[in-house]
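S.K.: Attaching a single structure in structure tokens format; questions to follow.
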Amino acid sequence: MSAAESYVTADGRTIGATVMEMRNITLRFGGVVAIKDISFDIREGEIRAIIGPNGAGKSSMLNVINGFYHPQEGEIWFKGEKRAPMRPHEIAHQGIARTFQNIALFKGMSTLDNIMTGRFTHMKSNLLMQAFWKGPAEREEVENREIAEKIIDFLEIQHIRKTPVGRLPYGLQKRVELGRALAAEPRLLLLDEPMAGMNVEEKEDMSRFILDVNDEFGTTIALIEHDMGVVMDISDRVVVMDYGRKIGDGTPDEVRNNQDVIDAYLGVPHD
Ligand SMILES: Nc1ncnc2c1ncn2[C@@H]1O[C@H](COP(=O)(O)OP(=O)(O)OP(=O)(O)O)[C@@H](O)[C@H]1O
């Protein structure tokens with residue numbers, strides 16, 4: 001199948017053309033090779049997982065996609081163009097948003113205000129405009145507020161909209177963080193271990209929200225995650241890394257039956 005072709009999955013979802021392509025990426029930290037000559041693509045509308053044992057290079061890869069790390073070798077293509085090295089805030093303007101393994105929210109601020117901070121890439125008015133030219137700034141504020149409220153409804157967190165997030169249980173904080181990333185209306189959403197530290201019920205909720213985001217907004221999602229059950233349940237395709245190399249790439253079924261993957265990862269216990 002060519003990168004330009006779209007296809008329909010068994011459960012009726014449409015997966016589009018390639019939106020991001022990593023070509024022969026190598027990333028080193030001094031003598032440590034964190035990523036070794038890895039290529040893979042991410043297609044419009046899919047849920048793409050990156051898995052692998054501890055130290056395999058998953059976080060490094062997410063940070064390369066996010067523009068936080070600049071690989072020494074290889075090319076990154078996004079929306080049909082080769083991406084020049086840029087800073088993470090520039091990546092945000094390109095339509096890439098992310099969540100973090102260790103929740104990065106403003107703990108003293110309410111759920112609503114945290115979600116509003118996700119709108120910053122869409123704000124045109126600056127402080128001066130807000131002071132002297134109130135009309136457009138106010139309109140923008142109302143618009144941003146409406147989008148934040150929609151996300152709050154979507155994620156079923158109306159009851160905690162005014163609660164400082166530091167007081168919320170872990171699972172709900174993770175949901176608020178997802179809300180903040182969604183507020184940026186990203187073309188590509190990166191999730192860094194979205195299930196880490198969650199109990200079974202919280203994982204079920206988060207899986208449902210990830211699937212709903214993908215389904216209802218058509219958001220392309222790339223995630224790294226340790227929980228294999230979750231990954232196999234919600235992903236369209238999975239990249240498997242081990243010691244910085246790619247050892248598998250395909251649908252959950254293909255990956256499950258790949259002997260290299262079984263040897264390196266599935267056959268051994270992990271956290
Ligand atoms: N900033 C850094 N400086 C030096 N070495 C690093 C740095 N970040 C990662 N590494 C090394 O690169 C390799 C890959 O690490 P990385 O964190 O990407 O793996 P991971 O698959 O995300 O692991 P985990 O599942 O434990 O989070 C490891 O050997 C790690 O020690």
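Within each chain, counting starts at residue 1; across the structure tokens, chains are named A, B, ... in the order shown, with ligands numbered 1 upward in that order.
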Please give me, as an MDAnalysis selection string, the residues lying within 10 Å of ligand 1 when counting only C-alpha atoms and all ligand atoms.

M.R.: chainID A and resid 27:35 50:64 69 101 192:193 224:226 240:244 270:271

S.K.: Show me, as a list of chain:residue names, the residues that have an atom within 10 Å of Lys79 in chain A when counting only C-alpha atoms, minus same-chain residues fewer than 6 positions from it.

M.R.: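 My list of contacting residues is A:Ala17, A:Thr18, A:Val19, A:Met20, A:Glu21, A:Glu44, A:Gln94, A:Arg187.
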
S.K.: Write the residues of the preceding selection, restricted to C-alpha atoms, as a compact mmCIF listing (two decimals), in the first residue's frame.

M.R.:
```
# COMPACT_ATOMS: atom_id res chain seq x y z
CA ALA A 17 -2.11 9.18 3.91
CA THR A 18 1.22 9.55 5.71
CA VAL A 19 1.32 12.65 7.91
CA MET A 20 4.74 12.10 9.52
CA GLU A 21 7.70 10.09 8.36
CA GLU A 44 -3.57 10.50 9.24
CA GLN A 94 2.75 23.15 13.55
CA ARG A 187 -3.19 17.53 14.08
```

S.K.: Extract, using only C-alpha atoms, all DNA, RNA and protein residues at most 12 Å from range 5-13 of chain A, discarding same-chain residues fewer than 4 positions from it, and format them as an NGL selection string.

M.R.: :A and (1 or 17-19 or 43-47 or 211-212 or 214-216 or 218 or 234-237 or 251)

S.K.: Quick one: pick out all alpha helix (DSSP H) residues within range 41-123 of chain A from a backbone DSSP run and write them as a list in words.

M.R.: Lys58, Ser59, Ser60, Met61, Leu62, Asn63, Val64, Ile65, Pro88, His89, Glu90, Ile91, Ala92, His93, Thr111, Leu112, Asp113, Asn114, Ile115, Met116 and Thr117 of chain A

S.K.: May I ask for the distance between CA of Met22 in chain A and CA of Gly74 in chain A, given in Å to one decimal place?

M.R.: 7.5 Å

S.K.: For CA of Asp153 in chain A and CA of Ala49 in chain A, quote the distance in Å rounded to one decimal.

M.R.: 26.7 Å

S.K.: Restricting the calculation to only C-alpha atoms: of A:Asn199, A:Asn257, A:Thr99, A:Asn66, which residue gets closest to Arg87 in chain A?

M.R.: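 Of all the options, A:Asn66 lies closest to Arg87 in chain A.
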
S.K.: Return the single residue from A:Met86, A:Val213, A:Ile147, A:Val230 that is closest to Leu178 in chain A, with distances computed using only C-alpha atoms.

M.R.: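 Of A:Met86, A:Val213, A:Ile147, A:Val230, the one nearest Leu178 in chain A, counting only C-alpha atoms, is A:Val213.
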
S.K.: At what distance in Å, to one decimal, does CA of Ile91 in chain A lie from CA of Gln72 in chain A?

M.R.: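 Here the two named atoms are 18.5 Å from each other.
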
S.K.: When you count only C-alpha atoms, which of these residues is closest to Pro194 in chain A: A:His89, A:Arg119, A:Arg145, A:Arg98?

M.R.: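 For Pro194 in chain A, the nearest of the given residues is A:Arg98.
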
S.K.: So which bits of range 40-69 of chain A end up strand (DSSP E or B) when you DSSP the backbone, as a PyMOL selection string?

M.R.: chain A and resi 40-43+47-51

S.K.: Give me, as a list in words, all polymer residues having an atom no more than 10 Å from Asn114 in chain A, counting only C-alpha atoms and skipping those fewer than 6 positions away in the same chain.

M.R.: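 With the cut-off at 10 Å, the set is Leu105, Phe106, Lys107, Gly108, Ala148, Arg161, Pro164, Val165, Val176, Glu177, Gly179, Arg180, Ala181 and Ala183 of chain A.
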
S.K.: I want to know what sits within 9 Å of Gly171 in chain A, based on only C-alpha atoms, with residues of the same chain fewer than 5 positions away left out; could you give that as number ranges by chain?

M.R.: A: 176, 195, 197-199, 202-203, 205-206

S.K.: Looking at only C-alpha atoms, which of A:Phe154, A:Glu90, A:Arg245, A:Ile96 is the one that sits closest to Asp37 in chain A?

M.R.: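 Of all the options, A:Arg245 lies closest to Asp37 in chain A.
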
S.K.: Nearest residue to Leu168 in chain A out of A:Leu190, A:Val200, A:Met109, A:Ile115, using only C-alpha atoms?

M.R.: A:Met109
